[in-house]
Amino acid sequence: MSEISLHRGISMQRIGAMILRYWYLLMSSWPRLLELLYWPALQVITWGFLQLYIAQNANFFARAGGTLIGAVILWDILFRGQLGFSISFLEEMWARNLGNLMMSPLRPIEFLLSLMIMSLIRLAIGVIPMTLLALFLFHFNVYSLGLPLIAFFCNLIFTSWSVGIFVSGLVLRNGLGAESIVWTLMFAIMPLACIYYPVSVLPAWLQVVAWVLPPTYVFEGMRALLIENTFRTDLMLEALAINAGLLVASFGAFLALLRSARKNGSLLSAGE
Amino acid sequence: MTGNDKASSPPTVAERSSSAAIAVDHLVKVYKQTRAVDDISFSLPRGSITGLLGGNGAGKTTTIAMIMGLVLPTSGRVQVLGHRMPEESASVLGRMNFESPYVDMPMRLTVRQNLTIFGKLYAVKNLAGRIARLADDLDLTEFIDRANGKLSAGQKTRVALAKALINQPELLLLDEPTASLDPDTADWVRAHLERYRKENNATILLASHNMLEVERLCDRVIIMKRGRIEDDDTPEAIMARYNRTTLEEVFLDVARGRVNGEKEAAR
């Protein structure tokens, strides 16, 4: 993959080939498919019952019906979106196939685009059944959020791709020894993204940090919608602007890490 | 200069680079304290088969990796099929391919699925026909719909070779192509490589520890030791210079620092 020739045309055929590669893999392995469904289902069931319990015992939560379960679903879009991206990347490391791809005409931008599309496919497999479970078990219809749901989804998926691109670059540069970052980095932003509580709960200085993260805007926006029936366009636009910056920065970091990997020879020995 | 250049006046660097399949100019690679490749230069004419020999740690794999653009040189220049690597790799990656023990094909995918994916990555026209032809040539038909991970070592090597040939490359880089193969399969692979070179006028650079393989296949040999080129000529000329009858003996002489024949006299 040549990082220098980004100005050349992007090949849909090469992107399609990579998606086909991951699709073949998913279809050949039922544990991989099951894993996509298992965790989101477990999450929504656990948090759904918790929401039921709290709603029966607290006026505020009775009024704010669905904030917990809505937050769980949106958090899963963010987390599973990044995992869907990163796991497809890790599959190449585990299979020792990265050298074949690097030596092929596949370009970094095409590789990353195929990982983004795969994250959407994996997300659809895991999250759509999860939303149906929420509907049938807890009568929470996430689709009733309407158009705002698209704004929430887009902002969350853009953040998940930025994180996915960055951690993939780290693994590319440092080998599978850095794999744990893939699984844990998103949890580092969890307390600051204010998934289950409003930003106002945080100390003032931490609120400044929280507002740097696009997911914070999404979860605040979701609470505004569910509690006050207000769609905060301003929050979504601000999140979109930060996301655009994050995507550019993460892509730049990926290219820099790829160059560094070529420099220190780690593409040849992409193990631990 | 190469041992094969017989022109009356030596070509300029520019002439050599544009006509050669591979032109390596004062290439150096330093990893922290280690000088893996130490100021090597050579050029390979199109249609040639060259063997890159040397013990473990001689710098063969790093050299091949720099030619492929997988590793950036510390200094020096590499041109492949007239294009600078890695700056112009997009112009050339579709015209070359490689096989290496450092990479695998995805294990859960079948042979046909793997070849389909790589065929699409290399924009191979009439891909189904190309896969059928390779399956026929390399005797893959029996297990073409079996997962790669369920194949024997010999079958995997043939599949890796099929992947390396999927785009009918003008330049083929092979790192230990017959390692871990039984003599019969190894001989069969060599015969196929010879035939491929003849039919396609392809250039092959081959790193190997198998001296018989190199003697049989290569019209030129580059011997590396501690990152430097120790010798570079036809197998016959090198054997004559070391006063030896096989490349294996020459290899041992170089590896153990022994000097013989003309080599001894030159020192």
# chains A, B, ... in the order shown; residues from 1 in each chain; ligands from 1
$ closest_atom_pairs --of "chain A" --to "chain B" --cutoff "7 Å" --atoms "only C-alpha atoms" --output "tab-separated table"
residue	atom	partner	partner_atom	distance
A:Ser2	CA	B:Ala90	CA	5.9
A:Ile4	CA	B:Glu87	CA	6.1
A:Ser5	CA	B:Ala90	CA	6.3
A:Gln13	CA	B:Lys120	CA	6.5
A:Arg14	CA	B:Leu121	CA	4.8
A:Ala17	CA	B:Ile117	CA	5.2
A:Arg21	CA	B:Ile117	CA	6.4
A:Tyr24	CA	B:Leu109	CA	6.7
A:Leu25	CA	B:Leu109	CA	6.4
A:Ser28	CA	B:Arg108	CA	6.8
A:Ala95	CA	B:Pro106	CA	5.3
A:Arg96	CA	B:Val103	CA	5.2
A:Asn97	CA	B:Asp104	CA	5.4
A:Gly99	CA	B:Val103	CA	6.0
A:Asn100	CA	B:Val103	CA	6.8
A:Met103	CA	B:Leu93	CA	6.6
A:Ser104	CA	B:Leu93	CA	5.9
A:Pro105	CA	B:Leu93	CA	5.3
A:Leu106	CA	B:Leu121	CA	6.4
A:Arg262	CA	B:Val71	CA	4.4
A:Lys263	CA	B:Leu72	CA	4.9
A:Asn264	CA	B:Tyr31	CA	6.5
A:Gly265	CA	B:Val71	CA	5.4
A:Leu267	CA	B:Leu70	CA	6.6
A:Leu268	CA	B:Tyr102	CA	6.7
$ select_by_dssp --residues "range 137-193 of chain B" --states "strand (DSSP E)" --output "PyMOL selection string"
chain B and resi 171-175
$ residues_around --residues "Gly55 in chain B" --least-positions-apart "6" --cutoff "10 Å" --atoms "only C-alpha atoms" --output "list in words"
Ser208, His209, Ile223, Met224, Lys225, Arg226, Phe251, Leu252, Val254 and Ala255 of chain B
$ closest_residue --among "A:Asn243, A:Ser144, A:Ser168, A:Asn229" --to "Ala256 in chain A" --atoms "only C-alpha atoms"
A:Ser168
$ residues_around --residues "Ile238 in chain B" --least-positions-apart "4" --cutoff "12 Å" --atoms "only C-alpha atoms" --output "list in words"
Gly3, Glu215, Asp219, Arg220, Val221, Ile222, Ile223, Glu230, Asp231, Asp232, Asp233, Thr234, Tyr242, Asn243, Arg244, Thr245, Thr246, Leu247, Glu248, Glu249, Val250, Phe251, Asp253, Val254, Asn260, Gly261, Glu262 and Lys263 of chain B
$ write_last_selection --atoms "C-alpha atoms" --output "mmCIF file, in the first residue's frame"
data_model
loop_
_atom_site.group_PDB
_atom_site.id
_atom_site.type_symbol
_atom_site.label_atom_id
_atom_site.label_comp_id
_atom_site.auth_asym_id
_atom_site.auth_seq_id
_atom_site.Cartn_x
_atom_site.Cartn_y
_atom_site.Cartn_z
ATOM 1 C CA GLY B 3 28.503 -9.857 -13.409
ATOM 2 C CA GLU B 215 22.456 -23.688 -9.350
ATOM 3 C CA ASP B 219 21.759 -17.323 -14.206
ATOM 4 C CA ARG B 220 23.311 -15.031 -11.644
ATOM 5 C CA VAL B 221 24.115 -15.209 -7.949
ATOM 6 C CA ILE B 222 24.588 -12.417 -5.416
ATOM 7 C CA ILE B 223 26.190 -13.614 -2.190
ATOM 8 C CA GLU B 230 30.488 -10.631 -0.946
ATOM 9 C CA ASP B 231 30.310 -11.777 -4.570
ATOM 10 C CA ASP B 232 28.159 -11.246 -7.637
ATOM 11 C CA ASP B 233 28.464 -13.291 -10.828
ATOM 12 C CA THR B 234 27.192 -16.337 -12.706
ATOM 13 C CA TYR B 242 36.456 -20.138 -5.333
ATOM 14 C CA ASN B 243 37.929 -23.231 -6.940
ATOM 15 C CA ARG B 244 34.850 -25.244 -5.978
ATOM 16 C CA THR B 245 32.522 -27.583 -7.845
ATOM 17 C CA THR B 246 29.277 -26.703 -6.056
ATOM 18 C CA LEU B 247 27.691 -23.515 -4.744
ATOM 19 C CA GLU B 248 27.198 -25.274 -1.418
ATOM 20 C CA GLU B 249 30.977 -25.409 -0.975
ATOM 21 C CA VAL B 250 31.259 -21.756 -1.966
ATOM 22 C CA PHE B 251 28.520 -20.875 0.522
ATOM 23 C CA ASP B 253 33.633 -20.925 2.337
ATOM 24 C CA VAL B 254 31.946 -17.534 2.510
ATOM 25 C CA ASN B 260 40.254 -20.359 -1.967
ATOM 26 C CA GLY B 261 41.588 -20.247 -5.492
ATOM 27 C CA GLU B 262 41.453 -16.948 -7.286
ATOM 28 C CA LYS B 263 39.709 -15.376 -4.331
#
